[in-house]
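Undergrad: my_file29.txt is reproduced below (compact mmCIF, C-alpha atoms).
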# COMPACT_ATOMS: atom_id res chain seq x y z
CA MET A 263 -47.22 -3.11 27.91
CA GLU A 264 -50.29 -3.40 25.73
CA GLY A 265 -51.37 0.04 24.66
CA THR A 266 -47.83 1.41 24.40
CA PRO A 267 -47.51 3.79 21.43
CA ALA A 268 -45.78 1.89 18.64
CA GLN A 269 -43.69 2.77 15.67
CA THR A 270 -45.42 2.11 12.37
CA GLY A 271 -44.24 1.22 8.91
CA THR A 272 -42.66 -2.15 9.50
CA HIS A 273 -42.04 -2.58 5.78
CA ARG A 274 -40.57 -0.03 3.44
CA ALA A 275 -39.65 -0.43 -0.20
CA GLU A 276 -35.96 0.33 -0.57
CA PRO A 277 -34.85 2.58 -3.46
CA ASP A 278 -33.32 0.21 -5.99
CA THR A 279 -30.82 2.81 -7.15
CA ASP A 280 -29.48 3.47 -3.65
CA LEU A 281 -29.28 -0.24 -2.86
CA THR A 282 -27.49 -1.00 -6.09
CA SER A 283 -25.09 1.90 -5.62
CA ALA A 284 -24.44 1.02 -1.99
CA ARG A 285 -23.60 -2.54 -2.94
CA ALA A 286 -21.14 -1.12 -5.45
CA GLY A 287 -19.39 0.77 -2.64
CA ASP A 288 -21.21 4.14 -2.67
CA ALA A 289 -21.14 5.26 0.98
CA ASP A 290 -23.50 8.19 0.32
CA ALA A 291 -26.09 5.84 -1.16
CA PHE A 292 -25.79 3.60 1.91
CA ALA A 293 -26.28 6.61 4.19
CA ARG A 294 -29.48 7.53 2.32
CA LEU A 295 -30.65 3.92 2.55
CA VAL A 296 -30.35 3.68 6.35
CA ALA A 297 -31.17 7.29 7.24
CA PRO A 298 -34.92 6.66 7.83
CA TYR A 299 -34.03 4.13 10.55
CA ASP A 300 -31.02 5.76 12.16
CA ARG A 301 -32.74 7.55 15.04
CA GLU A 302 -35.07 4.70 15.94
CA LEU A 303 -32.14 2.26 15.93
CA LEU A 304 -30.28 4.51 18.34
CA LEU A 305 -33.27 4.69 20.70
CA HIS A 306 -33.76 0.93 20.47
CA CYS A 307 -30.15 0.40 21.53
CA TYR A 308 -30.64 2.83 24.44
CA ARG A 309 -33.77 1.04 25.63
CA MET A 310 -31.95 -2.28 25.43
CA LEU A 311 -28.74 -1.11 27.11
CA GLY A 312 -29.75 1.76 29.40
CA SER A 313 -26.64 3.71 28.40
CA THR A 314 -26.24 6.48 25.85
CA ALA A 315 -22.56 5.66 25.35
CA ASP A 316 -23.26 1.94 24.83
CA ALA A 317 -26.22 2.77 22.57
CA ALA A 318 -24.08 4.99 20.35
CA ASP A 319 -21.47 2.22 20.12
CA ALA A 320 -24.11 -0.41 19.29
CA ARG A 321 -25.71 1.80 16.64
CA GLN A 322 -22.33 2.50 15.05
CA GLU A 323 -21.43 -1.20 15.07
CA THR A 324 -24.83 -2.03 13.55
CA LEU A 325 -24.32 0.33 10.63
CA LEU A 326 -20.76 -0.88 10.10
CA ARG A 327 -21.86 -4.51 9.99
CA ALA A 328 -24.74 -3.64 7.69
CA TRP A 329 -22.36 -1.85 5.32
CA GLN A 330 -19.92 -4.76 5.35
CA GLY A 331 -22.67 -7.35 4.91
CA LEU A 332 -24.81 -5.56 2.34
CA ASP A 333 -24.02 -8.20 -0.28
CA ARG A 334 -25.83 -10.72 1.94
CA PHE A 335 -28.98 -8.59 2.25
CA ASP A 336 -31.77 -10.00 0.08
CA GLY A 337 -33.16 -6.56 -0.77
CA ARG A 338 -36.39 -7.00 1.23
CA HIS A 339 -37.41 -5.56 4.61
CA LEU A 340 -34.33 -3.48 5.36
CA ARG A 341 -35.79 -2.30 8.68
CA ALA A 342 -36.13 -5.85 9.99
CA TRP A 343 -32.64 -6.71 8.76
CA LEU A 344 -31.13 -3.71 10.57
CA TYR A 345 -32.98 -4.57 13.76
CA ARG A 346 -31.69 -8.12 13.54
CA ILE A 347 -28.13 -6.77 13.54
CA ALA A 348 -28.81 -4.15 16.24
CA SER A 349 -30.70 -6.49 18.57
CA ASN A 350 -28.09 -9.21 18.39
CA ARG A 351 -25.34 -6.67 18.98
CA CYS A 352 -27.18 -5.40 22.08
CA LEU A 353 -27.72 -8.95 23.37
CA THR A 354 -24.00 -9.60 23.07
CA MET A 355 -23.19 -6.38 24.96
CA ILE A 356 -25.67 -7.24 27.72
CA ASP A 357 -24.10 -10.66 28.11
CA ARG A 358 -20.66 -9.10 28.49
CA ARG A 359 -21.47 -6.01 30.54
CA GLY A 360 -24.53 -6.94 32.59
CA ARG A 361 -27.55 -4.79 33.22
CA ARG A 362 -27.82 -1.14 34.18
CA GLU A 363 -29.19 -0.21 37.60
CA LEU A 364 -30.86 2.55 39.56
CA PRO A 365 -30.47 2.56 43.35
CA MET A 366 -34.14 1.57 43.72
CA THR A 367 -33.62 -1.57 41.61
CA LEU A 368 -30.19 -2.48 43.00
CA ALA A 369 -30.05 -5.95 44.50
CA ALA A 370 -28.56 -6.20 47.98
CA GLY A 371 -24.94 -7.26 47.92
CA ASP A 372 -24.16 -6.07 44.39
CA ALA A 373 -20.55 -4.93 44.47
CA GLU A 374 -19.88 -3.80 40.93
CA VAL A 375 -22.64 -1.68 39.45
CA SER A 376 -23.19 -0.11 36.03
CA TRP A 377 -25.63 2.75 36.39
CA LEU A 378 -28.49 3.67 34.10
CA GLU A 379 -27.75 6.84 32.14
CA PRO A 380 -30.18 9.70 31.36
CA LEU A 381 -31.22 10.39 27.77
CA PRO A 382 -30.80 13.90 26.27
CA GLY A 383 -33.87 15.46 24.72
CA SER A 384 -31.92 15.93 21.48
CA TRP A 385 -32.19 12.16 20.89
CA LEU A 386 -35.97 12.38 20.48
CA GLY A 387 -37.73 12.78 17.15
CA SER A 388 -38.18 16.12 15.41
CA THR A 389 -41.94 15.93 14.73
CA PRO A 390 -44.64 16.14 17.44
CA GLU A 391 -45.80 12.60 16.61
CA GLU A 392 -42.28 11.18 16.89
CA GLN A 393 -41.67 13.05 20.13
CA ALA A 394 -44.90 11.76 21.69
CA ILE A 395 -43.99 8.16 20.87
CA ASP A 396 -40.39 8.57 21.96
CA ARG A 397 -41.23 10.23 25.28
CA GLU A 398 -43.56 7.42 26.31
CA THR A 399 -41.04 4.71 25.51
CA VAL A 400 -37.87 6.27 26.99
CA ARG A 401 -39.35 7.31 30.34
CA LEU A 402 -36.87 6.57 33.08
CA ALA A 403 -39.22 4.20 34.90
CA PHE A 404 -39.83 2.21 31.72
CA VAL A 405 -36.14 1.96 30.78
CA ALA A 406 -35.27 1.00 34.37
CA ALA A 407 -37.97 -1.68 34.35
CA LEU A 408 -36.62 -3.01 31.05
CA GLN A 409 -33.20 -3.48 32.62
CA THR A 410 -34.64 -5.91 35.17
CA LEU A 411 -35.85 -8.24 32.40
CA PRO A 412 -33.77 -11.11 31.01
CA ALA A 413 -32.20 -9.89 27.78
CA ALA A 414 -34.34 -12.00 25.44
CA GLN A 415 -37.57 -10.82 27.10
CA ARG A 416 -36.34 -7.24 26.83
CA ALA A 417 -35.69 -7.58 23.11
CA VAL A 418 -39.03 -9.26 22.38
CA LEU A 419 -41.01 -6.66 24.34
CA LEU A 420 -39.36 -3.78 22.51
CA LEU A 421 -39.63 -5.33 19.06
CA ARG A 422 -43.30 -6.25 19.51
CA ASP A 423 -44.82 -3.52 21.69
CA VAL A 424 -42.67 -0.49 20.90
CA LEU A 425 -41.54 -1.14 17.32
CA ALA A 426 -44.68 -3.00 16.14
CA PHE A 427 -42.98 -5.95 14.46
CA ARG A 428 -45.23 -8.98 14.04
CA ALA A 429 -44.50 -12.11 16.04
CA ALA A 430 -43.20 -13.94 12.97
CA GLU A 431 -40.88 -11.03 12.19
CA VAL A 432 -39.54 -10.98 15.75
CA ALA A 433 -38.96 -14.71 15.53
CA GLY A 434 -36.88 -14.14 12.40
CA ILE A 435 -34.96 -11.24 13.92
CA LEU A 436 -34.01 -13.16 17.07
CA ASP A 437 -33.81 -16.70 15.62
CA LEU A 438 -36.67 -17.94 17.79
CA SER A 439 -39.90 -19.81 17.16
CA VAL A 440 -43.18 -17.91 17.17
CA PRO A 441 -44.40 -19.78 20.29
CA ALA A 442 -41.16 -18.81 22.06
CA VAL A 443 -41.71 -15.17 21.11
CA THR A 444 -45.28 -15.30 22.44
CA SER A 445 -44.16 -16.85 25.71
CA LEU A 446 -41.34 -14.36 26.23
CA LEU A 447 -43.65 -11.45 25.45
CA GLN A 448 -46.28 -12.56 27.97
CA ARG A 449 -43.70 -12.87 30.74
CA ALA A 450 -42.08 -9.55 29.87
CA ARG A 451 -45.39 -7.68 29.82
CA ALA A 452 -46.34 -9.05 33.23
CA ALA A 453 -42.96 -8.23 34.76
CA VAL A 454 -42.81 -4.67 33.38
CA ALA A 455 -46.40 -3.88 34.34
CA ASP A 456 -45.72 -5.00 37.91
CA GLY A 457 -42.59 -2.85 38.15
CA LEU A 458 -43.83 0.45 36.74
CA PRO A 459 -44.96 3.36 38.90
CA ALA A 460 -47.62 5.76 37.67
CA PRO A 461 -46.60 7.44 34.40
CA SER A 462 -45.44 11.04 34.42
CA SER A 463 -48.23 13.46 33.68
CA THR A 464 -47.29 16.09 31.11
CA SER A 465 -50.70 16.75 29.58
CA ASP A 466 -51.18 19.95 31.62
CA ASP A 467 -48.28 22.00 30.31
CA ALA A 468 -49.26 25.07 32.32
CA GLY A 469 -49.44 23.03 35.49
CA LEU A 470 -46.05 21.45 34.81
CA ASP A 471 -44.53 24.87 34.09
CA ALA A 472 -45.90 26.23 37.37
CA LEU A 473 -44.57 23.25 39.32
CA ALA A 474 -41.15 23.60 37.68
CA GLU A 475 -41.01 27.29 38.56
CA ARG A 476 -42.00 26.67 42.19
CA TYR A 477 -39.51 23.81 42.46
CA THR A 478 -36.69 25.99 41.13
CA ARG A 479 -37.52 28.91 43.44
CA ALA A 480 -37.72 26.63 46.48
CA TRP A 481 -34.33 25.08 45.82
CA GLU A 482 -32.61 28.36 45.06
CA ALA A 483 -34.11 29.85 48.25
CA GLY A 484 -33.06 26.80 50.29
CA ASP A 485 -36.68 26.39 51.45
CA VAL A 486 -37.14 22.78 52.53
CA ASP A 487 -40.80 23.23 53.41
CA GLN A 488 -41.63 24.55 49.95
CA ILE A 489 -39.72 21.70 48.30
CA VAL A 490 -41.53 19.11 50.42
CA ALA A 491 -44.89 20.73 49.62
CA LEU A 492 -44.31 19.74 45.98
CA LEU A 493 -43.44 16.12 46.77
CA ALA A 494 -45.81 13.17 46.99
CA GLU A 495 -45.96 11.46 50.39
CA ASP A 496 -44.38 8.33 48.92
CA VAL A 497 -41.76 10.15 46.84
CA ARG A 498 -38.54 8.31 45.98
CA TYR A 499 -35.22 10.17 45.83
CA ALA A 500 -32.00 8.66 44.49
CA MET A 501 -28.56 9.94 43.48
CA PRO A 502 -26.63 7.43 41.37
CA PRO A 503 -23.77 6.52 41.67
CA GLU A 504 -24.59 6.74 45.39
CA PRO A 505 -26.39 3.46 46.20
CA ARG A 506 -28.46 4.89 49.06
CA TRP A 507 -31.92 6.23 48.29
CA TYR A 508 -34.79 7.75 50.27
CA LEU A 509 -38.47 6.87 50.44
CA GLY A 510 -41.16 9.25 51.66
CA SER A 511 -41.32 13.03 51.95
CA ALA A 512 -40.24 13.07 55.62
CA SER A 513 -37.13 11.04 54.87
CA VAL A 514 -36.29 13.23 51.87
CA ALA A 515 -36.81 16.40 53.91
CA ALA A 516 -34.41 15.22 56.62
CA PHE A 517 -31.80 14.35 54.00
CA LEU A 518 -32.14 17.73 52.28
CA ARG A 519 -31.84 19.68 55.56
CA ASP A 520 -28.74 17.79 56.65
CA GLY A 521 -27.03 17.70 53.26
CA PRO A 522 -27.74 19.46 49.97
CA LEU A 523 -29.49 22.53 51.38
CA GLN A 524 -26.43 23.45 53.36
CA ALA A 525 -25.16 24.79 50.00
CA ARG A 526 -26.38 27.45 47.55
CA TRP A 527 -27.99 26.28 44.30
CA ARG A 528 -28.97 27.37 40.82
CA PHE A 529 -31.30 25.27 38.66
CA LEU A 530 -31.69 25.26 34.88
CA ARG A 531 -34.74 23.54 33.45
CA THR A 532 -34.10 20.95 30.72
CA GLU A 533 -35.46 17.60 29.56
CA ALA A 534 -34.20 14.05 30.02
CA ASN A 535 -35.92 10.81 29.04
CA GLY A 536 -38.84 12.89 27.81
CA GLN A 537 -39.42 14.15 31.37
CA LEU A 538 -39.03 17.34 33.33
CA ALA A 539 -35.40 17.69 34.42
CA PHE A 540 -33.07 20.23 35.98
CA ALA A 541 -29.39 20.83 35.60
CA THR A 542 -28.30 21.61 39.15
CA TYR A 543 -25.34 23.85 39.97
CA MET A 544 -23.80 24.22 43.44
CA PHE A 545 -21.88 27.31 44.51
CA ASP A 546 -18.12 26.84 44.49
CA ALA A 547 -16.55 29.33 46.92
CA GLN A 548 -13.05 28.65 45.61
CA HIS A 549 -13.96 29.76 42.08
CA GLY A 550 -16.75 32.18 42.97
CA ASP A 551 -19.31 30.63 40.62
CA PHE A 552 -21.76 27.72 40.35
CA ARG A 553 -20.47 24.32 39.15
CA PRO A 554 -22.39 21.22 37.91
CA ALA A 555 -23.64 18.98 40.71
CA GLY A 556 -26.12 16.67 39.01
CA LEU A 557 -28.94 16.24 36.53
CA ASP A 558 -32.26 15.79 38.35
CA VAL A 559 -34.91 13.85 36.40
CA LEU A 560 -38.40 14.20 37.87
CA SER A 561 -41.47 11.99 37.53
CA VAL A 562 -44.61 14.04 38.04
CA ALA A 563 -48.16 12.77 38.50
CA ASP A 564 -51.31 14.43 39.84
CA GLY A 565 -49.47 17.68 40.38
CA SER A 566 -46.81 16.21 42.67
CA VAL A 567 -43.24 15.03 42.24
CA ARG A 568 -43.32 11.25 42.62
CA GLU A 569 -39.65 10.54 41.99
CA VAL A 570 -36.36 12.38 41.69
CA VAL A 571 -33.28 10.68 40.22
CA SER A 572 -30.26 12.95 40.50
CA PHE A 573 -27.52 11.70 38.18
CA LEU A 574 -24.41 13.04 39.90
CA ASP A 575 -22.09 12.05 37.04
CA ALA A 576 -24.26 13.31 34.17
CA ASP A 577 -22.46 14.72 31.13
CA PHE A 578 -23.77 18.28 30.94
CA ALA A 579 -22.15 18.82 27.53
CA ALA A 580 -24.29 16.00 26.07
CA PHE A 581 -27.38 17.95 27.14
CA GLY A 582 -26.08 21.24 25.72
CA LEU A 583 -25.75 22.70 29.21
CA PRO A 584 -23.19 25.27 30.41
CA THR A 585 -20.32 24.05 32.55
CA THR A 586 -20.52 27.02 34.94
CA LEU A 587 -23.01 29.67 35.97
CA PRO A 588 -21.98 33.10 37.30
CA ALA A 589 -22.62 33.92 40.94
The structure in this file should be written as C-alpha cells.
TA:
Amino acid sequence: MEGTPAQTGTHRAEPDTDLTSARAGDADAFARLVAPYDRELLLHCYRMLGSTADAADARQETLLRAWQGLDRFDGRHLRAWLYRIASNRCLTMIDRRGRRELPMTLAAGDAEVSWLEPLPGSWLGSTPEEQAIDRETVRLAFVAALQTLPAAQRAVLLLRDVLAFRAAEVAGILDLSVPAVTSLLQRARAAVADGLPAPSSTSDDAGLDALAERYTRAWEAGDVDQIVALLAEDVRYAMPPEPRWYLGSASVAAFLRDGPLQARWRFLRTEANGQLAFATYMFDAQHGDFRPAGLDVLSVADGSVREVVSFLDADFAAFGLPTTLPA
C-alpha cells in the first residue's frame, strides 16, 4: 500500500480552554475538541469493520469512552488517543462478529456470513482534497481486501499507510513493539497488494459520464448486447447477500438474459465508496411503479466496467434515494 494518499497532521495542539472546560463537564467544549477528528474516525471504523452500521456504533462508543475517560488524557496528542480508543473498539468488535465478506472473497463452506456494506457519498469529506483522499481509501476493492487481513494487520496498515501515524505512534496506539508493527505492516502490504484489482479510473470525468449514460440507457432498454459492450472480458458480477457470482462477460450476459432483464428497470446515478454507482428500481406491476431492487457499485478502468457489486439489501434512505419511482 505504499503510495496510498495519507491523512496529514498527526499532531494538533488542543485548545486549553476547551480541554479544561470539557474536563469540568462542558459537553459543548468536548464536542469542539473532537470535531476535527469526527469524520476521519468514522471512516477509520468503516475501513476496519466493513459496515456503516458497525462503524457508526464504534465511533459513538469511542466518543463516549473518550468523554468518560477525559480525566485520564494527558493533554497531548488527542488524535492518537482517540485512535487508540477507536482501534481497540474495532478490534473487539471484529473478534466478536467476524469479518465482512463479498461473494468473491467468500470461503467455500461458510455458513453464516456478514456482508460488506456500501458507503454513502455523504460520509466523504467536504473539500476536494479530503474527497480525493477518502475516495482512494474507501474503494470497495480496498475495503474488501482489508477484511481478508487478520485484525491486527488491518489496524496497522490503516494507521500507518492511510492515517500517516509513525511506527512508534502505532505501537503506542495498539500496545505493540515497533518491530511488531513493522512486521505486521510488511505482511499486510503484501497481502493487500496481491488481492487488489486495478483501481477505478475516474480521472476522465467526461468519459465516465458517457459510460454511465450508456449503461443506464442499455439497462432501461433491456439491451443485453449494449450492456455487455460496456463490460470488460473478465468482468466480475456479484449480488450480496446472494453467494453466487459470475466471472466473464459471456457468463454475465447469460445471467442477465435469463434473470434481471426479464423485468423493466429504472436507474438513478449516485456514488458509493467513492465510485460510480446506480440505485436500481424494478417495475412492480402490483403497485404500478418502480421499487428498489439494489445498489450497483461499479469499478471502471480503461473505459470498461471491471466489476459490478449489486447490494440487494442496500438502505436507499442512507444514500438519500427515493423509495419509489413513478412508472
Undergrad: Write out, as a Markdown table, each residue of region 397-503 of chain A that has an atom at most 9 Å from region 335-350 of chain A, together with the closest pair of atoms and their distance in Å to one decimal, counting all atoms listed in the file, rows going by chain and rising number.
TA:
| residue | atom | partner | partner_atom | distance |
| --- | --- | --- | --- | --- |
| A:Ala417 | CA | A:Ser349 | CA | 6.8 |
| A:Leu421 | CA | A:Tyr345 | CA | 8.5 |
| A:Phe427 | CA | A:Ala342 | CA | 8.2 |
| A:Glu431 | CA | A:Ala342 | CA | 7.4 |
| A:Val432 | CA | A:Ala342 | CA | 8.4 |
| A:Gly434 | CA | A:Arg346 | CA | 8.0 |
| A:Ile435 | CA | A:Arg346 | CA | 4.5 |
| A:Leu436 | CA | A:Arg346 | CA | 6.6 |
Undergrad: Hey, could you make a per-residue contact list for region 488-511 of chain A against region 574-587 of chain A with 12 Å as the cut-off, showing the nearest pair of atoms and its distance in Å to one decimal, counting all atoms listed in the file, sorted by chain and number, as a Markdown table?
TA:
| residue | atom | partner | partner_atom | distance |
| --- | --- | --- | --- | --- |
| A:Ala500 | CA | A:Leu574 | CA | 9.9 |
| A:Met501 | CA | A:Leu574 | CA | 6.3 |
| A:Pro502 | CA | A:Leu574 | CA | 6.2 |
| A:Pro503 | CA | A:Leu574 | CA | 6.8 |
| A:Glu504 | CA | A:Leu574 | CA | 8.4 |
| A:Pro505 | CA | A:Leu574 | CA | 11.6 |
Undergrad: Calculated over all atoms listed in the file, which of the candidates A:Gly484, A:Pro380, A:Gly510, A:Pro441 has the smallest distance to Gly556 (chain A)?
TA: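 Smallest distance to Gly556 (chain A) is found for A:Pro380.
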Undergrad: For Arg301 (chain A), list every protein, DNA or RNA residue within 8 Å, evaluated using all atoms listed in the file, and leave out those in the same chain fewer than 3 positions away; present the list as a PDB file with C-alpha atoms, in the coordinates of the input.
TA:
ATOM      1  CA  ALA A 297     -31.170   7.290   7.240  1.00  0.00           C
ATOM      2  CA  PRO A 298     -34.920   6.660   7.830  1.00  0.00           C
ATOM      3  CA  LEU A 304     -30.280   4.510  18.340  1.00  0.00           C
ATOM      4  CA  LEU A 305     -33.270   4.690  20.700  1.00  0.00           C
ATOM      5  CA  TRP A 385     -32.190  12.160  20.890  1.00  0.00           C
ATOM      6  CA  LEU A 386     -35.970  12.380  20.480  1.00  0.00           C
ATOM      7  CA  GLY A 387     -37.730  12.780  17.150  1.00  0.00           C
TER       8      GLY A 387
END
Undergrad: Find the residues around Ala413 (chain A) up to 8 Å (all atoms listed in the file counted), leave out those fewer than 2 positions away in its own chain, and share them as a list in words.
TA: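 Close residues of Ala413 (chain A): Met310, Leu353, Ile356, Leu411, Gln415, Arg416 and Ala417 of chain A.
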Undergrad: Taking into account all atoms listed in the file, which residue in the set A:Ala455, A:Leu325, A:Leu295, A:Val559 is nearest to Thr282 (chain A)?
TA: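 With all atoms listed in the file as the atom set, the closest residue is A:Leu295.
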Undergrad: Would you kindly place N, CA and C atoms on region 524-545 of chain A and return the model as an mmCIF file, in the frame of the given file?
TA:
data_model
loop_
_atom_site.group_PDB
_atom_site.id
_atom_site.type_symbol
_atom_site.label_atom_id
_atom_site.label_comp_id
_atom_site.auth_asym_id
_atom_site.auth_seq_id
_atom_site.Cartn_x
_atom_site.Cartn_y
_atom_site.Cartn_z
ATOM 1 N N GLN A 524 -27.462 22.688 52.688
ATOM 2 C CA GLN A 524 -26.430 23.450 53.360
ATOM 3 C C GLN A 524 -25.668 24.327 52.356
ATOM 4 N N ALA A 525 -25.855 24.057 51.066
ATOM 5 C CA ALA A 525 -25.160 24.790 50.000
ATOM 6 C C ALA A 525 -26.131 25.727 49.287
ATOM 7 N N ARG A 526 -25.584 26.584 48.409
ATOM 8 C CA ARG A 526 -26.380 27.450 47.550
ATOM 9 C C ARG A 526 -26.516 26.794 46.177
ATOM 10 N N TRP A 527 -27.692 26.996 45.548
ATOM 11 C CA TRP A 527 -27.990 26.280 44.300
ATOM 12 C C TRP A 527 -28.525 27.216 43.225
ATOM 13 N N ARG A 528 -28.280 26.813 41.981
ATOM 14 C CA ARG A 528 -28.970 27.370 40.820
ATOM 15 C C ARG A 528 -29.465 26.189 39.987
ATOM 16 N N PHE A 529 -30.685 26.322 39.464
ATOM 17 C CA PHE A 529 -31.300 25.270 38.660
ATOM 18 C C PHE A 529 -31.586 25.791 37.252
ATOM 19 N N LEU A 530 -31.295 24.978 36.245
ATOM 20 C CA LEU A 530 -31.690 25.260 34.880
ATOM 21 C C LEU A 530 -32.631 24.155 34.413
ATOM 22 N N ARG A 531 -33.799 24.539 33.923
ATOM 23 C CA ARG A 531 -34.740 23.540 33.450
ATOM 24 C C ARG A 531 -34.288 22.951 32.125
ATOM 25 N N THR A 532 -34.445 21.636 31.962
ATOM 26 C CA THR A 532 -34.100 20.950 30.720
ATOM 27 C C THR A 532 -35.037 19.740 30.586
ATOM 28 N N GLU A 533 -34.665 18.799 29.756
ATOM 29 C CA GLU A 533 -35.460 17.600 29.560
ATOM 30 C C GLU A 533 -34.534 16.388 29.478
ATOM 31 N N ALA A 534 -34.933 15.307 30.112
ATOM 32 C CA ALA A 534 -34.200 14.050 30.020
ATOM 33 C C ALA A 534 -35.206 12.917 30.031
ATOM 34 N N ASN A 535 -35.003 11.949 29.166
ATOM 35 C CA ASN A 535 -35.920 10.810 29.040
ATOM 36 C C ASN A 535 -37.359 11.265 28.798
ATOM 37 N N GLY A 536 -37.508 12.371 28.094
ATOM 38 C CA GLY A 536 -38.840 12.890 27.810
ATOM 39 C C GLY A 536 -39.553 13.433 29.025
ATOM 40 N N GLN A 537 -38.826 13.702 30.117
ATOM 41 C CA GLN A 537 -39.420 14.150 31.370
ATOM 42 C C GLN A 537 -38.829 15.495 31.787
ATOM 43 N N LEU A 538 -39.536 16.133 32.707
ATOM 44 C CA LEU A 538 -39.030 17.340 33.330
ATOM 45 C C LEU A 538 -37.700 17.031 34.023
ATOM 46 N N ALA A 539 -36.704 17.884 33.787
ATOM 47 C CA ALA A 539 -35.400 17.690 34.420
ATOM 48 C C ALA A 539 -34.779 19.040 34.710
ATOM 49 N N PHE A 540 -33.800 19.025 35.623
ATOM 50 C CA PHE A 540 -33.070 20.230 35.980
ATOM 51 C C PHE A 540 -31.584 19.947 36.020
ATOM 52 N N ALA A 541 -30.828 20.828 35.378
ATOM 53 C CA ALA A 541 -29.390 20.830 35.600
ATOM 54 C C ALA A 541 -29.149 21.603 36.881
ATOM 55 N N THR A 542 -28.503 20.976 37.849
ATOM 56 C CA THR A 542 -28.300 21.610 39.150
ATOM 57 C C THR A 542 -26.850 22.044 39.297
ATOM 58 N N TYR A 543 -26.673 23.259 39.810
ATOM 59 C CA TYR A 543 -25.340 23.850 39.970
ATOM 60 C C TYR A 543 -25.181 24.276 41.432
ATOM 61 N N MET A 544 -24.081 23.875 42.058
ATOM 62 C CA MET A 544 -23.800 24.220 43.440
ATOM 63 C C MET A 544 -22.701 25.286 43.493
ATOM 64 N N PHE A 545 -22.858 26.212 44.421
ATOM 65 C CA PHE A 545 -21.880 27.310 44.510
ATOM 66 C C PHE A 545 -20.523 26.780 44.944
#
